[in-house]
$ cat run19.txt   # compact mmCIF, C-alpha atoms and all ligand atoms
# COMPACT_ATOMS: atom_id res chain seq x y z
CA MET A 1 10.44 -55.47 18.42
CA ARG A 2 8.64 -52.19 17.84
CA ILE A 3 9.86 -49.22 19.87
CA ALA A 4 8.92 -45.55 19.90
CA ILE A 5 10.93 -42.40 20.55
CA SER A 6 9.73 -39.02 21.78
CA THR A 7 11.31 -35.69 22.70
CA GLY A 8 9.72 -33.57 25.45
CA GLY A 9 10.32 -30.32 27.34
CA GLY A 10 12.46 -27.46 26.07
CA ASP A 11 14.63 -28.39 23.10
CA ALA A 12 18.40 -28.78 23.42
CA PRO A 13 21.08 -29.04 20.74
CA GLY A 14 21.80 -32.74 20.20
CA LEU A 15 18.22 -34.07 20.24
CA ASN A 16 18.45 -35.07 16.59
CA ALA A 17 21.75 -36.82 17.21
CA VAL A 18 20.12 -38.90 19.98
CA ILE A 19 17.22 -39.77 17.67
CA ARG A 20 19.64 -40.77 14.91
CA GLY A 21 21.82 -42.79 17.31
CA ALA A 22 18.82 -44.64 18.69
CA VAL A 23 17.10 -45.26 15.36
CA LEU A 24 20.22 -46.62 13.64
CA SER A 25 21.08 -48.80 16.67
CA ALA A 26 17.52 -50.18 16.73
CA ILE A 27 17.50 -50.84 12.99
CA ASP A 28 20.84 -52.58 13.44
CA ARG A 29 19.01 -55.03 15.72
CA GLY A 30 16.24 -55.50 13.17
CA TRP A 31 13.70 -53.49 15.20
CA HIS A 32 11.01 -51.10 13.95
CA VAL A 33 10.92 -47.54 15.27
CA LEU A 34 8.08 -45.04 15.54
CA GLY A 35 8.52 -41.32 16.24
CA ILE A 36 5.96 -39.77 18.57
CA LYS A 37 5.57 -36.12 17.71
CA ARG A 38 5.42 -33.28 20.28
CA GLY A 39 6.35 -35.27 23.37
CA TYR A 40 3.62 -37.24 25.08
CA MET A 41 1.00 -35.23 23.15
CA GLY A 42 1.64 -37.41 20.11
CA LEU A 43 0.18 -40.34 22.02
CA LEU A 44 -2.94 -38.34 22.90
CA GLY A 45 -4.15 -37.85 19.38
CA GLU A 46 -2.80 -34.30 19.30
CA ASP A 47 -0.18 -34.97 16.68
CA GLU A 48 1.19 -37.60 14.36
CA VAL A 49 3.08 -40.79 14.94
CA ILE A 50 5.59 -41.40 12.14
CA PRO A 51 7.84 -44.29 11.16
CA LEU A 52 11.52 -43.56 11.75
CA THR A 53 13.73 -45.19 9.16
CA ARG A 54 17.31 -44.95 8.01
CA ASP A 55 16.08 -42.36 5.47
CA THR A 56 14.26 -40.25 8.08
CA VAL A 57 17.38 -39.83 10.20
CA ARG A 58 19.85 -39.37 7.35
CA GLY A 59 21.80 -36.11 7.72
CA ILE A 60 20.15 -34.90 10.94
CA GLY A 61 22.91 -35.51 13.49
CA HIS A 62 24.38 -32.03 13.14
CA LEU A 63 21.06 -30.17 13.18
CA GLY A 64 19.64 -28.23 16.12
CA GLY A 65 16.04 -28.61 17.30
CA THR A 66 14.19 -31.91 17.01
CA ILE A 67 12.62 -33.51 13.96
CA LEU A 68 9.97 -34.89 16.36
CA ARG A 69 9.03 -31.42 17.69
CA THR A 70 8.56 -30.92 21.40
CA THR A 71 6.40 -29.24 24.01
CA ASN A 72 6.61 -28.40 27.68
CA ARG A 73 2.82 -28.47 28.11
CA GLY A 74 1.94 -32.09 27.44
CA ASN A 75 1.91 -33.75 30.88
CA PRO A 76 -0.63 -36.60 30.37
CA PHE A 77 -1.29 -36.75 34.13
CA GLU A 78 -2.22 -33.05 34.32
CA TYR A 79 -3.31 -32.25 30.82
CA PRO A 80 -4.45 -28.61 30.39
CA VAL A 81 -7.90 -28.42 28.78
CA ARG A 82 -9.31 -25.04 27.78
CA GLN A 83 -12.86 -24.31 28.97
CA ALA A 84 -15.47 -22.26 27.12
CA ASP A 85 -14.80 -19.26 29.41
CA GLY A 86 -11.07 -19.33 28.53
CA SER A 87 -9.95 -20.85 31.83
CA PHE A 88 -8.06 -24.17 32.02
CA VAL A 89 -8.67 -27.37 33.99
CA HIS A 90 -6.15 -30.20 34.30
CA VAL A 91 -7.26 -33.76 33.55
CA ASP A 92 -5.53 -37.14 33.84
CA ARG A 93 -5.24 -38.63 30.33
CA SER A 94 -2.59 -41.22 31.17
CA ASP A 95 -4.93 -44.22 30.66
CA GLU A 96 -5.77 -42.95 27.19
CA LEU A 97 -2.04 -42.59 26.46
CA MET A 98 -1.36 -46.16 27.61
CA SER A 99 -4.13 -47.58 25.47
CA ASN A 100 -3.05 -45.55 22.39
CA ALA A 101 0.50 -46.87 22.81
CA ARG A 102 -0.83 -50.44 23.05
CA ASN A 103 -2.98 -49.97 19.93
CA LEU A 104 0.06 -48.77 18.01
CA GLY A 105 1.91 -51.95 19.01
CA ILE A 106 4.56 -49.99 20.92
CA GLU A 107 6.52 -52.42 23.08
CA ALA A 108 8.91 -49.88 24.60
CA LEU A 109 9.33 -46.10 24.65
CA ILE A 110 12.58 -44.13 24.66
CA THR A 111 11.75 -40.71 26.03
CA ILE A 112 14.28 -37.92 25.71
CA GLY A 113 13.63 -35.14 28.20
CA GLY A 114 14.60 -33.13 31.25
CA ASP A 115 13.50 -33.67 34.85
CA GLY A 116 9.84 -32.95 34.01
CA SER A 117 9.64 -35.49 31.17
CA LEU A 118 11.62 -38.04 33.19
CA ALA A 119 9.23 -37.68 36.15
CA ILE A 120 6.31 -38.34 33.77
CA ALA A 121 8.23 -41.33 32.36
CA GLN A 122 8.57 -42.74 35.88
CA ARG A 123 4.82 -42.44 36.49
CA LEU A 124 4.17 -44.26 33.19
CA VAL A 125 6.58 -47.01 34.26
CA GLU A 126 4.56 -47.36 37.48
CA LYS A 127 1.45 -47.82 35.31
CA GLY A 128 3.16 -50.66 33.43
CA MET A 129 4.70 -48.92 30.43
CA ARG A 130 8.16 -50.04 29.37
CA VAL A 131 10.16 -46.80 29.29
CA VAL A 132 13.85 -45.90 29.08
CA GLY A 133 14.88 -42.26 29.51
CA VAL A 134 17.58 -40.10 27.98
CA PRO A 135 18.40 -36.99 30.06
CA LYS A 136 18.33 -33.72 28.14
CA THR A 137 18.74 -30.11 29.19
CA ILE A 138 21.01 -27.22 28.44
CA ASP A 139 20.84 -26.39 32.19
CA ASN A 140 22.85 -29.52 33.16
CA ASP A 141 20.75 -29.87 36.33
CA VAL A 142 19.95 -33.61 36.10
CA SER A 143 21.65 -35.70 38.80
CA GLY A 144 23.39 -39.01 38.16
CA THR A 145 25.01 -37.97 34.89
CA VAL A 146 28.25 -36.00 34.67
CA VAL A 147 26.66 -33.82 32.02
CA THR A 148 23.58 -33.64 29.80
CA PHE A 149 23.87 -33.10 26.05
CA GLY A 150 23.06 -29.56 24.93
CA PHE A 151 24.96 -28.02 27.82
CA ASP A 152 28.27 -27.75 25.97
CA THR A 153 26.59 -26.03 23.00
CA ALA A 154 24.76 -23.58 25.28
CA VAL A 155 28.00 -22.77 27.10
CA THR A 156 29.79 -22.22 23.79
CA THR A 157 27.03 -19.90 22.55
CA ALA A 158 27.12 -17.92 25.81
CA MET A 159 30.92 -17.78 25.80
CA GLU A 160 30.95 -16.40 22.25
CA ALA A 161 28.45 -13.74 23.28
CA ILE A 162 30.61 -12.81 26.27
CA ASP A 163 33.66 -12.54 23.98
CA LYS A 164 31.77 -10.09 21.79
CA LEU A 165 30.52 -8.07 24.75
CA HIS A 166 34.11 -7.56 25.94
CA THR A 167 35.09 -5.50 22.91
CA THR A 168 32.06 -3.24 22.92
CA ALA A 169 32.17 -2.84 26.72
CA GLU A 170 35.83 -1.83 26.54
CA SER A 171 35.30 0.61 23.67
CA HIS A 172 32.60 2.47 25.65
CA ASP A 173 33.95 2.06 29.20
CA ARG A 174 30.65 0.38 30.01
CA VAL A 175 29.43 -2.38 32.26
CA MET A 176 27.66 -5.05 30.23
CA VAL A 177 25.35 -7.40 32.12
CA ILE A 178 24.48 -10.61 30.30
CA GLU A 179 21.73 -12.95 31.54
CA VAL A 180 22.06 -16.63 30.67
CA MET A 181 19.66 -19.54 31.14
CA GLY A 182 19.76 -22.30 33.75
CA ARG A 183 16.72 -21.78 35.99
CA ASP A 184 17.90 -22.61 39.55
CA ALA A 185 21.24 -24.03 38.41
CA GLY A 186 24.21 -21.79 37.68
CA PHE A 187 26.20 -24.14 35.45
CA ILE A 188 25.81 -22.19 32.19
CA ALA A 189 26.76 -18.90 33.89
CA LEU A 190 29.72 -20.45 35.67
CA HIS A 191 31.17 -22.35 32.71
CA SER A 192 30.61 -19.62 30.12
CA GLY A 193 31.71 -16.90 32.52
CA VAL A 194 34.99 -18.60 33.34
CA SER A 195 35.74 -19.61 29.75
CA GLY A 196 34.71 -16.16 28.47
CA ALA A 197 36.79 -14.38 31.17
CA ALA A 198 33.91 -12.45 32.74
CA HIS A 199 34.72 -10.14 35.66
CA VAL A 200 31.68 -10.98 37.78
CA ILE A 201 29.58 -14.17 37.77
CA LEU A 202 26.36 -14.41 39.76
CA ILE A 203 24.72 -17.80 40.25
CA PRO A 204 21.78 -18.94 42.39
CA GLU A 205 24.02 -21.23 44.46
CA ILE A 206 26.21 -18.42 45.85
CA ALA A 207 24.63 -15.66 47.99
CA TRP A 208 25.70 -12.27 46.67
CA GLN A 209 25.43 -8.60 47.52
CA ILE A 210 25.04 -5.71 45.13
CA GLU A 211 27.61 -3.73 47.16
CA LYS A 212 30.27 -6.41 46.58
CA VAL A 213 29.54 -6.48 42.84
CA CYS A 214 29.92 -2.69 42.66
CA GLU A 215 33.08 -2.76 44.79
CA HIS A 216 34.67 -5.18 42.32
CA ILE A 217 33.70 -3.03 39.34
CA MET A 218 35.04 0.14 41.02
CA MET A 219 38.24 -1.65 42.01
CA ARG A 220 38.81 -2.46 38.35
CA ASP A 221 37.97 1.15 37.49
CA ALA A 222 40.57 2.44 39.95
CA MET A 223 43.13 0.18 38.25
CA GLY A 224 42.33 1.81 34.90
CA LYS A 225 40.09 -0.99 33.66
CA LYS A 226 37.05 1.11 32.98
CA PHE A 227 34.78 -1.64 31.68
CA ALA A 228 33.35 -4.84 33.11
CA VAL A 229 31.40 -7.87 31.94
CA VAL A 230 28.92 -9.35 34.41
CA VAL A 231 27.35 -12.76 33.74
CA VAL A 232 24.18 -13.45 35.69
CA SER A 233 22.20 -16.67 35.76
CA GLU A 234 18.47 -16.10 35.14
CA GLY A 235 17.53 -17.71 38.49
CA VAL A 236 19.54 -15.20 40.56
CA LYS A 237 17.45 -13.15 43.00
CA PHE A 238 17.97 -9.88 44.82
CA GLN A 239 18.23 -10.49 48.57
CA GLY A 240 14.84 -11.09 50.18
CA GLU A 241 13.04 -11.09 46.83
CA GLN A 242 11.10 -13.80 44.96
CA GLY A 243 13.05 -13.35 41.74
CA VAL A 244 11.81 -12.02 38.45
CA MET A 245 9.00 -14.15 37.04
CA GLY A 246 7.30 -14.02 33.69
CA GLU A 247 3.86 -15.16 32.55
CA SER A 248 3.68 -18.79 31.51
CA MET A 249 1.06 -20.76 29.58
CA PRO A 250 -1.24 -23.25 31.39
CA GLY A 251 0.61 -26.48 32.16
CA GLN A 252 4.06 -24.85 31.91
CA ALA A 253 6.68 -24.29 34.59
CA VAL A 254 6.95 -20.72 35.87
CA ARG A 255 9.13 -18.61 33.57
CA VAL A 256 12.17 -16.97 35.09
CA GLY A 257 14.22 -14.11 33.74
CA GLY A 258 14.66 -10.38 33.68
CA ILE A 259 17.33 -10.10 36.39
CA ALA A 260 19.91 -8.55 34.02
CA GLU A 261 17.94 -5.35 33.52
CA ARG A 262 17.37 -4.89 37.27
CA LEU A 263 21.00 -5.62 38.03
CA SER A 264 22.21 -3.27 35.35
CA LYS A 265 20.10 -0.41 36.77
CA ALA A 266 21.30 -1.15 40.31
CA ILE A 267 24.97 -1.10 39.24
CA GLN A 268 24.50 2.13 37.29
CA GLU A 269 22.78 3.84 40.24
CA ARG A 270 25.48 2.82 42.69
CA THR A 271 28.61 3.29 40.56
CA GLY A 272 27.60 6.04 38.19
CA LYS A 273 29.00 3.92 35.38
CA GLU A 274 27.03 3.46 32.19
CA CYS A 275 25.47 -0.02 32.14
CA ARG A 276 23.66 -2.05 29.50
CA SER A 277 21.90 -5.38 29.82
CA LEU A 278 21.32 -8.26 27.47
CA VAL A 279 19.20 -11.40 27.80
CA LEU A 280 20.79 -14.15 25.69
CA GLY A 281 17.62 -16.26 25.92
CA HIS A 282 16.73 -18.97 23.44
CA LEU A 283 19.84 -18.44 21.31
CA GLN A 284 21.37 -20.83 23.86
CA ARG A 285 18.96 -23.56 22.88
CA GLY A 286 19.24 -23.15 19.12
CA GLY A 287 21.73 -24.03 16.43
CA MET A 288 24.06 -26.87 15.66
CA PRO A 289 25.34 -28.98 18.55
CA THR A 290 29.07 -28.89 19.29
CA GLY A 291 31.18 -31.95 18.53
CA TYR A 292 31.09 -32.88 22.23
CA ASP A 293 27.29 -32.77 22.31
CA ARG A 294 26.92 -34.70 19.04
CA LEU A 295 29.14 -37.46 20.34
CA LEU A 296 27.46 -37.63 23.76
CA ALA A 297 24.00 -37.54 22.18
CA THR A 298 24.84 -40.30 19.71
CA ARG A 299 26.24 -42.42 22.54
CA PHE A 300 23.10 -41.78 24.62
CA GLY A 301 20.90 -42.88 21.69
CA GLY A 302 22.84 -46.11 21.23
CA ALA A 303 22.94 -46.80 24.99
CA ALA A 304 19.17 -46.24 25.29
CA VAL A 305 18.54 -48.97 22.71
CA GLU A 306 20.91 -51.25 24.61
CA ALA A 307 18.96 -50.49 27.81
CA VAL A 308 15.72 -51.46 26.03
CA ALA A 309 17.34 -54.70 24.84
CA ASN A 310 18.33 -55.40 28.47
CA ALA A 311 14.80 -54.55 29.73
CA LYS A 312 16.10 -51.70 31.91
CA TRP A 313 12.62 -50.20 32.36
CA GLY A 314 12.51 -47.10 34.56
CA HIS A 315 16.19 -46.41 33.87
CA MET A 316 17.83 -43.51 32.10
CA VAL A 317 21.20 -43.54 30.43
CA ALA A 318 23.87 -41.47 32.19
CA LEU A 319 27.45 -40.44 31.58
CA GLN A 320 29.60 -41.72 34.39
CA THR A 321 32.93 -41.02 32.77
CA PRO A 322 34.24 -42.81 30.82
CA HIS A 323 31.16 -45.03 30.49
CA ILE A 324 27.49 -44.60 29.67
CA VAL A 325 25.47 -46.59 32.19
CA PRO A 326 21.76 -47.14 32.92
CA ILE A 327 20.66 -45.69 36.28
CA LEU A 328 17.23 -45.66 37.93
CA ILE A 329 15.19 -42.58 37.00
CA THR A 330 13.98 -42.47 40.62
CA ASP A 331 17.60 -42.16 41.79
CA ALA A 332 18.33 -39.37 39.32
CA LEU A 333 15.20 -37.49 40.40
CA LYS A 334 15.96 -37.68 44.14
CA SER A 335 17.84 -34.39 43.96
CA GLN A 336 18.49 -31.78 41.34
CA LYS A 337 22.09 -31.12 40.43
CA ARG A 338 23.43 -27.71 41.47
CA VAL A 339 26.80 -25.98 41.31
CA ASP A 340 28.91 -26.95 44.31
CA PRO A 341 30.29 -23.61 45.59
CA THR A 342 33.45 -25.41 46.73
CA HIS A 343 34.01 -26.98 43.28
CA ASP A 344 37.34 -26.56 41.56
CA ILE A 345 35.79 -24.42 38.79
CA VAL A 346 34.51 -21.91 41.36
CA ARG A 347 37.87 -21.91 43.13
CA THR A 348 39.70 -21.48 39.82
CA ALA A 349 37.43 -18.58 38.94
CA ARG A 350 38.24 -16.87 42.23
CA ARG A 351 41.97 -17.43 41.68
CA VAL A 352 41.87 -15.70 38.32
CA GLY A 353 40.14 -12.72 39.89
CA ILE A 354 36.46 -13.31 39.08
CA SER A 355 34.02 -12.03 41.72
CA PHE A 356 30.90 -13.96 42.73
CA GLY A 357 29.56 -10.90 44.53
CA ASP A 358 30.14 -12.52 47.93
O1 LIG A 401 15.25 -25.78 31.08
C1 LIG A 401 15.76 -25.24 29.92
C2 LIG A 401 15.38 -23.80 29.78
O2 LIG A 401 16.00 -23.36 28.62
C3 LIG A 401 15.71 -22.93 31.00
O3 LIG A 401 17.06 -22.62 31.06
C4 LIG A 401 14.78 -21.77 30.78
O4 LIG A 401 14.44 -21.11 31.97
C5 LIG A 401 13.58 -22.42 30.20
O5 LIG A 401 13.99 -23.63 29.61
C6 LIG A 401 12.86 -21.57 29.19
O6 LIG A 401 11.74 -22.26 28.78
P1 LIG A 401 10.73 -21.72 27.67
O7 LIG A 401 11.31 -22.09 26.35
O8 LIG A 401 9.48 -22.46 27.96
O9 LIG A 401 10.62 -20.25 27.83
$ encode --input "run19.txt" --output "structure tokens"
Amino acid sequence: MRIAISTGGGDAPGLNAVIRGAVLSAIDRGWHVLGIKRGYMGLLGEDEVIPLTRDTVRGIGHLGGTILRTTNRGNPFEYPVRQADGSFVHVDRSDELMSNARNLGIEALITIGGDGSLAIAQRLVEKGMRVVGVPKTIDNDVSGTVVTFGFDTAVTTAMEAIDKLHTTAESHDRVMVIEVMGRDAGFIALHSGVSGAAHVILIPEIAWQIEKVCEHIMMRDAMGKKFAVVVVSEGVKFQGEQGVMGESMPGQAVRVGGIAERLSKAIQERTGKECRSLVLGHLQRGGMPTGYDRLLATRFGGAAVEAVANAKWGHMVALQTPHIVPILITDALKSQKRVDPTHDIVRTARRVGISFGD
């Protein structure tokens, strides 16, 4: 059996642990493994295809990033091609990808990616490719799995930043506004905000008002607590607004971000308190995975190989505690996972005095 592995979309801590888990499990079965570099682009002649051996994956389980590189611009069905005038057109190169995979003798592909890469995987399955998915994202917004690997590390990084902001905020009697990743899902903000003991948490799933945020900060002020830490998820919008968008490259999803600076100015204007903002950004995606993420990622890698052995094409591995099970990618993609505003973590946050600005 000759299988291939690729990593696509934004990176997440734990990718290397999945690769290692899958490669060693495949070798254990006597299979050969190829690594496709830079997501699906590696099968379009844009990058190399390398053999993955016991030696290649030795000592990588604790490393951040991905030894296979990644991209969020390599959709083979809508491939961005630059024209002479600098503009881009999108072309379907999926047939070319299928034939390149066949020529390389690839019998099955394990693709590690978020909802975008998994949706592409499903379209390849429909064209006859034998694909098994592994869900990956620090945002934790993939349905059907309790959690994705990378999330725990991102939450830990954000929580440590919040811890550090507390001391400087308190020393200066300031309001510190920290923006964390997550796109339309507020999991990173919620989990890091509660574990880091933030005073206000704003997430896209809970409608908020600037007046309520300021009321909470001024209530603390009146009680002698002159500082505050506000955690805001990057996908949060001011009422009636589109949200803050950034420029993205052709073929990429729209970039979100920049809410912290706007929020910080709005709080300063309304409360008269000195505010500062911080965008934590890609620090959340970098660095060594936590023990939890290494373990989950290694289990996902092993389970993906088992799914290949059981011909579970069009499935992705998922954590349904305490087991890892294969589920249909189409089922996972039916809806995106979001924070449930009635969830116990939200209720706990409220009980310990955290405001959601509502
Ligand atoms: O989906 C993961 C994620 O890190 C989001 O939280 C964030 O909005 C986005 O990727 C950033 O992507 P990029 O690295 O392309 O700027």
$ residues_near_ligand --input "run19.txt" --ligand "ligand LIG 401 (chain A)" --cutoff "7 Å" --atoms "all atoms listed in the file" --output "list in words"
Gly10, Asn72, Thr137, Ile138, Asp139, Met181, Gly182, Arg183, Arg255, Val256, His282 and Arg285 of chain A
$ closest_residue --input "run19.txt" --among "A:Ala12, A:Ala161, A:Leu104, A:Met249" --to "Pro80 of chain A" --atoms "all atoms listed in the file"
A:Met249
$ residues_around --input "run19.txt" --residues "segment 50-67 of chain A" --least-positions-apart "3" --cutoff "7 Å" --atoms "all atoms listed in the file" --output "list in words"
Asp11, Ala12, Pro13, Gly14, Leu15, Asn16, Ala17, Arg20, Val23, Leu24, Val33, Leu34, Gly35, Ile36, Gly286, Gly287, Met288, Pro289 and Arg294 of chain A
$ closest_residue --input "run19.txt" --among "A:Gly240, A:Gly8, A:Gly193, A:Gly224" --to "Ile120 of chain A" --atoms "all atoms listed in the file"
A:Gly8
$ atom_distance --input "run19.txt" --atom1 "atom CA of Glu234 of chain A" --atom2 "atom CA of Arg262 of chain A"
11.5 Å
$ closest_residue --input "run19.txt" --among "A:Val132, A:Val308, A:Ala154, A:Val194" --to "Ala26 of chain A" --atoms "only C-alpha atoms"
A:Val308
$ closest_residue --input "run19.txt" --among "A:Val200, A:Met316, A:Ile259, A:Pro250" --to "Val81 of chain A" --atoms "all atoms listed in the file"
A:Pro250
$ atom_distance --input "run19.txt" --atom1 "atom CA of Asp28 of chain A" --atom2 "atom CA of Val305 of chain A"
10.2 Å
$ axis_aligned_box --input "run19.txt" --around "segment 349-352 of chain A" --padding-each-side "5 Å" --output "lines of an AutoDock Vina configuration file"
center_x = 39.7
center_y = -17.1
center_z = 40.3
size_x = 14.5
size_y = 12.9
size_z = 13.9
$ residues_around --input "run19.txt" --residues "segment 203-218 of chain A" --least-positions-apart "4" --cutoff "7 Å" --atoms "only C-alpha atoms" --output "ChimeraX atom specification"
/A:184-186,189,222,228,232-233,235-236,267,271,339,341,355-358
$ closest_residue --input "run19.txt" --among "A:Ala197, A:Leu97, A:Val352, A:Ala332" --to "Gly128 of chain A" --atoms "only C-alpha atoms"
A:Leu97
$ closest_residue --input "run19.txt" --among "A:Ala84, A:Val279, A:Phe187, A:Ile178" --to "Val142 of chain A" --atoms "only C-alpha atoms"
A:Phe187
$ atom_distance --input "run19.txt" --atom1 "atom CA of Met129 of chain A" --atom2 "atom CA of Val91 of chain A"
19.6 Å
$ residues_near_point --input "run19.txt" --point "(26.9, -36.0, 31.4)" --cutoff "9 Å" --atoms "only C-alpha atoms" --output "list in words"
Pro135, Asn140, Val142, Gly144, Thr145, Val146, Val147, Thr148, Phe149, Phe151, Leu296, Ala318, Leu319, Gln320, Thr321 and Ile324 of chain A
$ residues_around --input "run19.txt" --residues "Tyr79 of chain A" --least-positions-apart "3" --cutoff "7 Å" --atoms "all atoms listed in the file" --output "VMD selection string"
chain A and resid 74 to 76 90 to 93
$ residues_around --input "run19.txt" --residues "Glu107 of chain A" --least-positions-apart "5" --cutoff "9 Å" --atoms "only C-alpha atoms" --output "number ranges by chain"
A: 1-4, 101-102, 129-130
